[in-house]
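*Asks:* My structure file coords.pdb, PDB, C-alpha atoms, is below:
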```pdb
ATOM      1  CA  ASP A 107    -113.179 -25.682  80.288
ATOM      2  CA  SER A 108    -113.514 -22.946  82.924
ATOM      3  CA  GLY A 109    -110.947 -24.461  85.280
ATOM      4  CA  VAL A 110    -113.573 -24.946  87.997
ATOM      5  CA  THR A 111    -114.260 -28.566  88.855
ATOM      6  CA  GLN A 112    -117.303 -29.975  90.568
ATOM      7  CA  THR A 113    -118.021 -33.451  91.853
ATOM      8  CA  PRO A 114    -120.072 -35.480  91.537
ATOM      9  CA  LYS A 115    -121.609 -34.716  88.164
ATOM     10  CA  HIS A 116    -124.846 -36.495  89.010
ATOM     11  CA  LEU A 117    -126.386 -37.449  92.334
ATOM     12  CA  ILE A 118    -129.573 -39.381  92.981
ATOM     13  CA  THR A 119    -130.811 -39.692  96.525
ATOM     14  CA  ALA A 120    -133.965 -40.005  98.592
ATOM     15  CA  THR A 121    -135.948 -37.481 100.591
ATOM     16  CA  GLY A 122    -134.591 -36.923 104.088
ATOM     17  CA  GLN A 123    -131.041 -37.762 103.107
ATOM     18  CA  ARG A 124    -127.905 -35.602 103.282
ATOM     19  CA  VAL A 125    -125.438 -35.003 100.462
ATOM     20  CA  THR A 126    -122.185 -33.086  99.994
ATOM     21  CA  LEU A 127    -121.240 -31.333  96.781
ATOM     22  CA  ARG A 128    -117.633 -30.435  96.164
ATOM     23  CA  CYS A 129    -116.026 -27.620  94.224
ATOM     24  CA  SER A 130    -112.426 -26.811  93.365
ATOM     25  CA  PRO A 131    -111.927 -23.230  92.155
ATOM     26  CA  ARG A 132    -109.604 -22.080  89.414
ATOM     27  CA  SER A 133    -105.986 -21.841  90.442
ATOM     28  CA  GLY A 134    -105.435 -18.486  92.130
ATOM     29  CA  ASP A 135    -109.102 -17.690  92.711
ATOM     30  CA  LEU A 136    -109.971 -16.893  96.309
ATOM     31  CA  SER A 137    -113.750 -16.569  96.026
ATOM     32  CA  VAL A 138    -116.160 -19.430  95.631
ATOM     33  CA  TYR A 139    -119.862 -18.966  94.962
ATOM     34  CA  TRP A 140    -122.677 -21.501  95.051
ATOM     35  CA  TYR A 141    -125.797 -21.245  92.900
ATOM     36  CA  GLN A 142    -128.926 -23.328  92.497
ATOM     37  CA  GLN A 143    -130.624 -23.557  89.099
ATOM     38  CA  SER A 144    -134.107 -24.990  88.843
ATOM     39  CA  LEU A 145    -136.705 -24.772  86.104
ATOM     40  CA  ASP A 146    -139.102 -22.601  88.070
ATOM     41  CA  GLN A 147    -136.627 -20.378  89.958
ATOM     42  CA  GLY A 148    -133.841 -19.887  87.448
ATOM     43  CA  LEU A 149    -130.290 -19.344  88.693
ATOM     44  CA  GLN A 150    -130.290 -18.335  92.340
ATOM     45  CA  PHE A 151    -127.277 -17.208  94.352
ATOM     46  CA  LEU A 152    -126.847 -19.210  97.552
ATOM     47  CA  ILE A 153    -123.640 -18.192  99.282
ATOM     48  CA  GLN A 154    -120.115 -16.868  98.723
ATOM     49  CA  TYR A 155    -116.850 -17.580 100.493
ATOM     50  CA  TYR A 156    -113.670 -15.579 100.205
ATOM     51  CA  ASN A 157    -110.389 -17.095 101.390
ATOM     52  CA  GLY A 158    -112.171 -19.322 103.895
ATOM     53  CA  GLU A 159    -114.614 -16.757 105.261
ATOM     54  CA  GLU A 160    -118.289 -16.358 104.438
ATOM     55  CA  ARG A 161    -118.706 -13.083 102.521
ATOM     56  CA  ALA A 162    -122.249 -12.952 101.199
ATOM     57  CA  LYS A 163    -125.418 -14.910 101.668
ATOM     58  CA  GLY A 164    -128.324 -15.249  99.295
ATOM     59  CA  ASN A 165    -131.396 -17.449  99.223
ATOM     60  CA  ILE A 166    -129.822 -20.321 101.092
ATOM     61  CA  LEU A 167    -132.072 -22.519 103.202
ATOM     62  CA  GLU A 168    -131.183 -23.324 106.805
ATOM     63  CA  ARG A 169    -130.951 -26.997 105.806
ATOM     64  CA  PHE A 170    -128.056 -26.060 103.541
ATOM     65  CA  SER A 171    -124.576 -25.101 104.673
ATOM     66  CA  ALA A 172    -121.234 -24.520 103.039
ATOM     67  CA  GLN A 173    -117.620 -24.050 103.918
ATOM     68  CA  GLN A 174    -114.347 -23.219 102.227
ATOM     69  CA  PHE A 175    -111.238 -25.058 103.322
ATOM     70  CA  PRO A 176    -107.639 -23.792 103.641
ATOM     71  CA  ASP A 177    -106.803 -25.231 100.208
ATOM     72  CA  LEU A 178    -109.722 -23.084  98.929
ATOM     73  CA  HIS A 179    -111.924 -25.920  97.786
ATOM     74  CA  SER A 180    -115.496 -25.673  98.967
ATOM     75  CA  GLU A 181    -118.270 -28.017  99.948
ATOM     76  CA  LEU A 182    -122.013 -27.450  99.931
ATOM     77  CA  ASN A 183    -123.925 -29.648 102.346
ATOM     78  CA  LEU A 184    -127.610 -30.252 101.741
ATOM     79  CA  SER A 185    -129.547 -32.033 104.486
ATOM     80  CA  SER A 186    -133.107 -33.248 105.109
ATOM     81  CA  LEU A 187    -133.524 -33.243 101.361
ATOM     82  CA  GLU A 188    -136.913 -32.572  99.831
ATOM     83  CA  LEU A 189    -138.233 -33.228  96.344
ATOM     84  CA  GLY A 190    -138.029 -29.509  95.625
ATOM     85  CA  ASP A 191    -134.276 -29.512  96.197
ATOM     86  CA  SER A 192    -133.824 -31.327  92.901
ATOM     87  CA  ALA A 193    -131.844 -28.912  90.755
ATOM     88  CA  LEU A 194    -128.523 -28.126  89.159
ATOM     89  CA  TYR A 195    -126.013 -26.781  91.667
ATOM     90  CA  PHE A 196    -123.231 -24.642  90.264
ATOM     91  CA  CYS A 197    -120.047 -23.457  91.824
ATOM     92  CA  ALA A 198    -118.221 -20.424  90.471
ATOM     93  CA  SER A 199    -114.921 -18.834  91.397
ATOM     94  CA  SER A 200    -113.329 -15.434  90.942
ATOM     95  CA  ARG A 201    -110.348 -13.346  91.984
ATOM     96  CA  PRO A 202    -110.214  -9.743  93.222
ATOM     97  CA  GLU A 203    -110.196  -7.011  90.595
ATOM     98  CA  ARG A 204    -108.995  -3.423  91.018
ATOM     99  CA  GLY A 205    -112.364  -2.055  90.038
ATOM    100  CA  GLY A 206    -114.123  -3.731  92.921
ATOM    101  CA  PRO A 207    -116.331  -6.776  93.385
ATOM    102  CA  TYR A 208    -118.675  -5.864  90.579
ATOM    103  CA  GLN A 209    -115.788  -6.063  88.125
ATOM    104  CA  GLU A 210    -114.948  -9.625  89.044
ATOM    105  CA  THR A 211    -115.555 -12.325  86.485
ATOM    106  CA  GLN A 212    -117.133 -15.453  87.862
ATOM    107  CA  TYR A 213    -116.126 -18.680  86.163
ATOM    108  CA  PHE A 214    -118.690 -21.434  86.496
ATOM    109  CA  GLY A 215    -118.098 -25.124  86.902
ATOM    110  CA  PRO A 216    -120.073 -27.760  84.970
ATOM    111  CA  GLY A 217    -122.522 -28.251  87.834
ATOM    112  CA  THR A 218    -123.864 -31.130  89.876
ATOM    113  CA  ARG A 219    -127.292 -32.414  88.926
ATOM    114  CA  LEU A 220    -129.157 -33.487  92.050
ATOM    115  CA  LEU A 221    -132.272 -35.613  91.837
ATOM    116  CA  VAL A 222    -134.208 -36.242  95.038
ATOM    117  CA  LEU A 223    -136.689 -39.106  94.777
TER
ATOM    118  CA  THR B  89    -139.732 -12.782  91.603
ATOM    119  CA  GLN B  90    -136.780 -11.952  89.384
ATOM    120  CA  LEU B  91    -134.983  -8.660  89.967
ATOM    121  CA  LEU B  92    -134.002  -8.721  86.313
ATOM    122  CA  GLU B  93    -136.705  -9.368  83.746
ATOM    123  CA  GLN B  94    -135.628 -10.871  80.465
ATOM    124  CA  SER B  95    -137.641 -10.889  77.278
ATOM    125  CA  PRO B  96    -138.568 -12.746  75.301
ATOM    126  CA  GLN B  97    -138.485 -16.010  77.211
ATOM    127  CA  PHE B  98    -138.091 -18.032  74.012
ATOM    128  CA  LEU B  99    -136.853 -17.032  70.580
ATOM    129  CA  SER B 100    -136.648 -19.215  67.498
ATOM    130  CA  ILE B 101    -135.222 -17.788  64.303
ATOM    131  CA  GLN B 102    -133.754 -18.883  60.992
ATOM    132  CA  GLU B 103    -130.015 -18.848  60.437
ATOM    133  CA  GLY B 104    -128.934 -15.487  59.054
ATOM    134  CA  GLU B 105    -131.634 -13.470  60.812
ATOM    135  CA  ASN B 106    -130.999 -10.918  63.538
ATOM    136  CA  LEU B 107    -132.273 -11.078  67.101
ATOM    137  CA  THR B 108    -132.401  -8.916  70.194
ATOM    138  CA  VAL B 109    -132.767 -10.003  73.808
ATOM    139  CA  TYR B 110    -133.734  -7.523  76.514
ATOM    140  CA  CYS B 111    -132.922  -7.332  80.195
ATOM    141  CA  ASN B 112    -134.824  -4.827  82.328
ATOM    142  CA  SER B 113    -134.972  -3.868  85.977
ATOM    143  CA  SER B 114    -136.296  -1.151  88.232
ATOM    144  CA  SER B 115    -132.980  -1.256  90.101
ATOM    145  CA  VAL B 116    -129.713   0.434  89.209
ATOM    146  CA  PHE B 117    -126.761  -1.873  88.703
ATOM    147  CA  SER B 118    -123.066  -1.116  88.931
ATOM    148  CA  SER B 119    -122.368  -3.731  86.329
ATOM    149  CA  LEU B 120    -124.319  -6.017  84.120
ATOM    150  CA  GLN B 121    -123.080  -9.241  82.642
ATOM    151  CA  TRP B 122    -124.328 -11.468  79.848
ATOM    152  CA  TYR B 123    -123.778 -15.216  79.925
ATOM    153  CA  ARG B 124    -124.545 -18.041  77.541
ATOM    154  CA  GLN B 125    -125.333 -21.463  78.896
ATOM    155  CA  GLU B 126    -125.499 -24.658  76.875
ATOM    156  CA  PRO B 127    -127.315 -27.794  78.064
ATOM    157  CA  GLY B 128    -125.387 -29.702  80.710
ATOM    158  CA  GLU B 129    -122.845 -26.940  81.201
ATOM    159  CA  GLY B 130    -122.319 -23.925  83.402
ATOM    160  CA  PRO B 131    -122.905 -20.344  82.218
ATOM    161  CA  VAL B 132    -120.023 -18.775  80.301
ATOM    162  CA  LEU B 133    -119.418 -15.043  80.554
ATOM    163  CA  LEU B 134    -119.791 -13.156  77.254
ATOM    164  CA  VAL B 135    -119.355  -9.554  78.386
ATOM    165  CA  THR B 136    -119.437  -7.164  81.349
ATOM    166  CA  VAL B 137    -120.738  -3.613  80.940
ATOM    167  CA  VAL B 138    -120.220  -1.050  83.689
ATOM    168  CA  THR B 139    -120.825   2.442  82.228
ATOM    169  CA  GLY B 140    -124.269   3.827  81.471
ATOM    170  CA  GLY B 141    -124.744   4.054  77.698
ATOM    171  CA  GLU B 142    -121.832   1.707  77.066
ATOM    172  CA  VAL B 143    -121.872  -0.363  73.897
ATOM    173  CA  LYS B 144    -119.609  -3.376  73.474
ATOM    174  CA  LYS B 145    -119.173  -5.500  70.398
ATOM    175  CA  LEU B 146    -117.999  -9.076  70.327
ATOM    176  CA  LYS B 147    -117.906 -10.183  66.677
ATOM    177  CA  ARG B 148    -121.603 -10.489  65.698
ATOM    178  CA  LEU B 149    -122.834  -9.731  69.232
ATOM    179  CA  THR B 150    -123.557  -6.170  70.368
ATOM    180  CA  PHE B 151    -124.261  -5.412  74.019
ATOM    181  CA  GLN B 152    -125.701  -2.161  75.298
ATOM    182  CA  PHE B 153    -126.071  -0.871  78.847
ATOM    183  CA  GLY B 154    -128.855   1.655  79.351
ATOM    184  CA  ASP B 155    -128.020   5.236  80.268
ATOM    185  CA  ALA B 156    -129.645   4.798  83.688
ATOM    186  CA  ARG B 157    -127.910   1.444  84.198
ATOM    187  CA  LYS B 158    -131.226  -0.312  84.716
ATOM    188  CA  ASP B 159    -131.475  -2.185  81.445
ATOM    189  CA  SER B 160    -129.417  -3.872  78.797
ATOM    190  CA  SER B 161    -129.798  -5.514  75.437
ATOM    191  CA  LEU B 162    -127.992  -8.153  73.465
ATOM    192  CA  HIS B 163    -128.225  -8.024  69.672
ATOM    193  CA  ILE B 164    -126.974 -10.828  67.447
ATOM    194  CA  THR B 165    -126.451 -10.112  63.768
ATOM    195  CA  ALA B 166    -126.720 -12.875  61.160
ATOM    196  CA  ALA B 167    -127.348 -15.584  63.738
ATOM    197  CA  GLN B 168    -125.695 -18.952  63.313
ATOM    198  CA  THR B 169    -126.750 -22.353  64.651
ATOM    199  CA  GLY B 170    -123.839 -22.143  67.082
ATOM    200  CA  ASP B 171    -125.555 -19.177  68.771
ATOM    201  CA  THR B 172    -128.229 -21.529  70.081
ATOM    202  CA  GLY B 173    -128.337 -21.521  73.873
ATOM    203  CA  LEU B 174    -129.726 -19.960  77.025
ATOM    204  CA  TYR B 175    -128.752 -16.305  77.362
ATOM    205  CA  LEU B 176    -128.686 -14.939  80.884
ATOM    206  CA  CYS B 177    -128.204 -11.408  82.107
ATOM    207  CA  ALA B 178    -126.931 -10.803  85.631
ATOM    208  CA  GLY B 179    -126.360  -7.638  87.614
ATOM    209  CA  THR B 180    -124.404  -6.530  90.637
ATOM    210  CA  SER B 181    -124.855  -3.489  92.845
ATOM    211  CA  SER B 182    -121.884  -1.432  93.987
ATOM    212  CA  ASN B 183    -119.720  -3.350  96.457
ATOM    213  CA  ASP B 184    -122.120  -6.249  96.283
ATOM    214  CA  TYR B 185    -120.728  -9.665  95.641
ATOM    215  CA  LYS B 186    -124.055 -11.155  94.703
ATOM    216  CA  LEU B 187    -124.985 -11.708  91.084
ATOM    217  CA  SER B 188    -128.719 -11.458  90.468
ATOM    218  CA  PHE B 189    -129.703 -13.390  87.366
ATOM    219  CA  GLY B 190    -132.594 -12.959  85.016
ATOM    220  CA  ALA B 191    -134.673 -16.019  84.133
ATOM    221  CA  GLY B 192    -132.965 -16.286  80.761
ATOM    222  CA  THR B 193    -133.899 -16.303  77.092
ATOM    223  CA  THR B 194    -133.731 -19.588  75.222
ATOM    224  CA  VAL B 195    -132.522 -18.888  71.700
ATOM    225  CA  THR B 196    -132.857 -21.492  68.970
ATOM    226  CA  VAL B 197    -131.289 -20.814  65.592
ATOM    227  CA  ARG B 198    -132.617 -23.132  62.899
ATOM    228  CA  ALA B 199    -130.469 -24.183  59.936
TER
END
```
Go through the file and emit its structure as structure tokens.
*Replies:*
Amino acid sequence: DSGVTQTPKHLITATGQRVTLRCSPRSGDLSVYWYQQSLDQGLQFLIQYYNGEERAKGNILERFSAQQFPDLHSELNLSSLELGDSALYFCASSRPERGGPYQETQYFGPGTRLLVL
Amino acid sequence: TQLLEQSPQFLSIQEGENLTVYCNSSSVFSSLQWYRQEPGEGPVLLVTVVTGGEVKKLKRLTFQFGDARKDSSLHITAAQTGDTGLYLCAGTSSNDYKLSFGAGTTVTVRA
């Protein structure tokens, strides 16, 4: 158990719909990262928040948005869903390390499996 | 396209055999991490290497970071069925918060 929790575990929805995925980081971690894992694209970084502020952006579509709340939990909102959005969505969290960001260990949650029909 | 290329994509071996997984890139990384992911779970960090030429050992697993910090390898000695899983390498550039993952190597260790 990494200490990172994600809900829901599974989500089935239809094209055009909107869903919200939730992540609670490990106690004490200030950074939250979102990743998408699909069979053809592998694990892709979407976005990172640090203490409520957006810090880094990856291959995140405009239909997707995220935020981190004052209690440090984060939500990933996916809208106008398409069949190709079906994937595993992972959240990870980390805390600052003296050596810099590349020394931080990211702890991954169990993921949310999204199926768009 | 993947910034980090992993090979082989699939590996199936008998228990007790050795195996090596490679992770290559044309980019220089400040750090490189290896993860193992089991079905239905998130990736779990195995090791982080940050110095060119660095070798780290974790029981039967040996990790090496290339001198130029562009490549890495993971060697498992006397593989066990519990080593079965998806092995992912991931790299970060200096002061970059983004982890770039390779496509992964699926390792199956047969009893």
*Asks:* Please identify all polymer residues within 6 Å of region 122-130 of chain A, counting all atoms listed in the file, omitting same-chain residues fewer than 3 positions from it, and present them as a compact mmCIF listing (two decimals) with C-alpha atoms, in the frame of the given file.
*Replies:*
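Below is the file that was written, part-v1.txt:
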```
# COMPACT_ATOMS: atom_id res chain seq x y z
CA VAL A 110 -113.57 -24.95 88.00
CA THR A 111 -114.26 -28.57 88.86
CA GLN A 112 -117.30 -29.98 90.57
CA THR A 113 -118.02 -33.45 91.85
CA HIS A 179 -111.92 -25.92 97.79
CA SER A 180 -115.50 -25.67 98.97
CA GLU A 181 -118.27 -28.02 99.95
CA LEU A 182 -122.01 -27.45 99.93
CA ASN A 183 -123.92 -29.65 102.35
CA LEU A 184 -127.61 -30.25 101.74
CA SER A 185 -129.55 -32.03 104.49
CA SER A 186 -133.11 -33.25 105.11
CA LEU A 187 -133.52 -33.24 101.36
```
*Asks:* With chain B as the partner and 8 Å as the cut-off, tabulate the residues of chain A that qualify, each row holding the nearest pair of atoms and their distance in Å to one decimal, using only C-alpha atoms, sorted by chain and rising number, as a Markdown table.
*Replies:*
```
| residue | atom | partner | partner_atom | distance |
| --- | --- | --- | --- | --- |
| A:Gln147 | CA | B:Ala191 | CA | 7.5 |
| A:Gly148 | CA | B:Ala191 | CA | 5.2 |
| A:Leu149 | CA | B:Phe189 | CA | 6.1 |
| A:Gln150 | CA | B:Phe189 | CA | 7.0 |
| A:Phe151 | CA | B:Leu187 | CA | 6.8 |
| A:Gln154 | CA | B:Tyr185 | CA | 7.9 |
| A:Arg161 | CA | B:Tyr185 | CA | 7.9 |
| A:Ala162 | CA | B:Tyr185 | CA | 6.6 |
| A:Gly164 | CA | B:Lys186 | CA | 7.5 |
| A:Phe196 | CA | B:Gly130 | CA | 7.0 |
| A:Gly206 | CA | B:Asn183 | CA | 6.6 |
| A:Pro207 | CA | B:Asn183 | CA | 5.7 |
| A:Tyr208 | CA | B:Thr180 | CA | 5.8 |
| A:Gln209 | CA | B:Ser119 | CA | 7.2 |
| A:Thr211 | CA | B:Leu133 | CA | 7.6 |
| A:Gln212 | CA | B:Leu133 | CA | 7.7 |
| A:Tyr213 | CA | B:Val132 | CA | 7.0 |
| A:Phe214 | CA | B:Gly130 | CA | 5.4 |
| A:Gly215 | CA | B:Gly130 | CA | 5.6 |
| A:Pro216 | CA | B:Gly130 | CA | 4.7 |
| A:Gly217 | CA | B:Gly130 | CA | 6.2 |
```
*Asks:* Point out the residue among A:Glu210, A:Ser144, A:Tyr195, A:Arg132 with the least atom-to-atom distance to Pro114 (chain A), counting all atoms listed in the file.
*Replies:*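 Of all the options, A:Tyr195 lies closest to Pro114 (chain A).
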*Asks:* When you draw a straight line from CA of Thr121 (chain A) to CA of Leu223 (chain A), how long is it in Å?
*Replies:*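 About the pair CA of Thr121 (chain A) and CA of Leu223 (chain A): they are 6.1 Å apart.
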*Asks:* For the file shown, what are the residues hit by the PyMOL selection byres ((chain B and resi 98) around 12), laid out as a list in words?
*Replies:* Gln94, Ser95, Pro96, Gln97, Leu99, Ser100, Ile101, Leu107, Thr108, Val109, Tyr110, Thr172, Gly173, Leu174, Tyr175, Ala191, Gly192, Thr193, Thr194, Val195, Thr196 and Val197 of chain B
*Asks:* Could the residues in this selection be written to a file with C-alpha atoms, as a tab-separated table (two decimals), in the coordinates of the input?
*Replies:*
```
chain	number	residue	atom	x	y	z
B	94	GLN	CA	-135.63	-10.87	80.46
B	95	SER	CA	-137.64	-10.89	77.28
B	96	PRO	CA	-138.57	-12.75	75.30
B	97	GLN	CA	-138.49	-16.01	77.21
B	99	LEU	CA	-136.85	-17.03	70.58
B	100	SER	CA	-136.65	-19.22	67.50
B	101	ILE	CA	-135.22	-17.79	64.30
B	107	LEU	CA	-132.27	-11.08	67.10
B	108	THR	CA	-132.40	-8.92	70.19
B	109	VAL	CA	-132.77	-10.00	73.81
B	110	TYR	CA	-133.73	-7.52	76.51
B	172	THR	CA	-128.23	-21.53	70.08
B	173	GLY	CA	-128.34	-21.52	73.87
B	174	LEU	CA	-129.73	-19.96	77.03
B	175	TYR	CA	-128.75	-16.30	77.36
B	191	ALA	CA	-134.67	-16.02	84.13
B	192	GLY	CA	-132.96	-16.29	80.76
B	193	THR	CA	-133.90	-16.30	77.09
B	194	THR	CA	-133.73	-19.59	75.22
B	195	VAL	CA	-132.52	-18.89	71.70
B	196	THR	CA	-132.86	-21.49	68.97
B	197	VAL	CA	-131.29	-20.81	65.59
```
*Asks:* Show me, as a list in words, the residues that have an atom within 6 Å of Lys158 (chain B) when counting only C-alpha atoms, minus same-chain residues fewer than 3 positions from it.
*Replies:*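 Counting only C-alpha atoms, the residues come to Ser113, Ser115 and Val116 of chain B.
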*Asks:* Tell me which of B:Leu134, B:Glu93, B:Asn106, B:Arg148 sits closest to Ser160 (chain B), counting all atoms listed in the file.
*Replies:*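 Answer, going by the shortest atom-to-atom distance: B:Glu93.
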*Asks:* Please compute the CA of Gly141 (chain B)-CA of Gly154 (chain B) distance, one decimal, in Å.
*Replies:* 5.0 Å
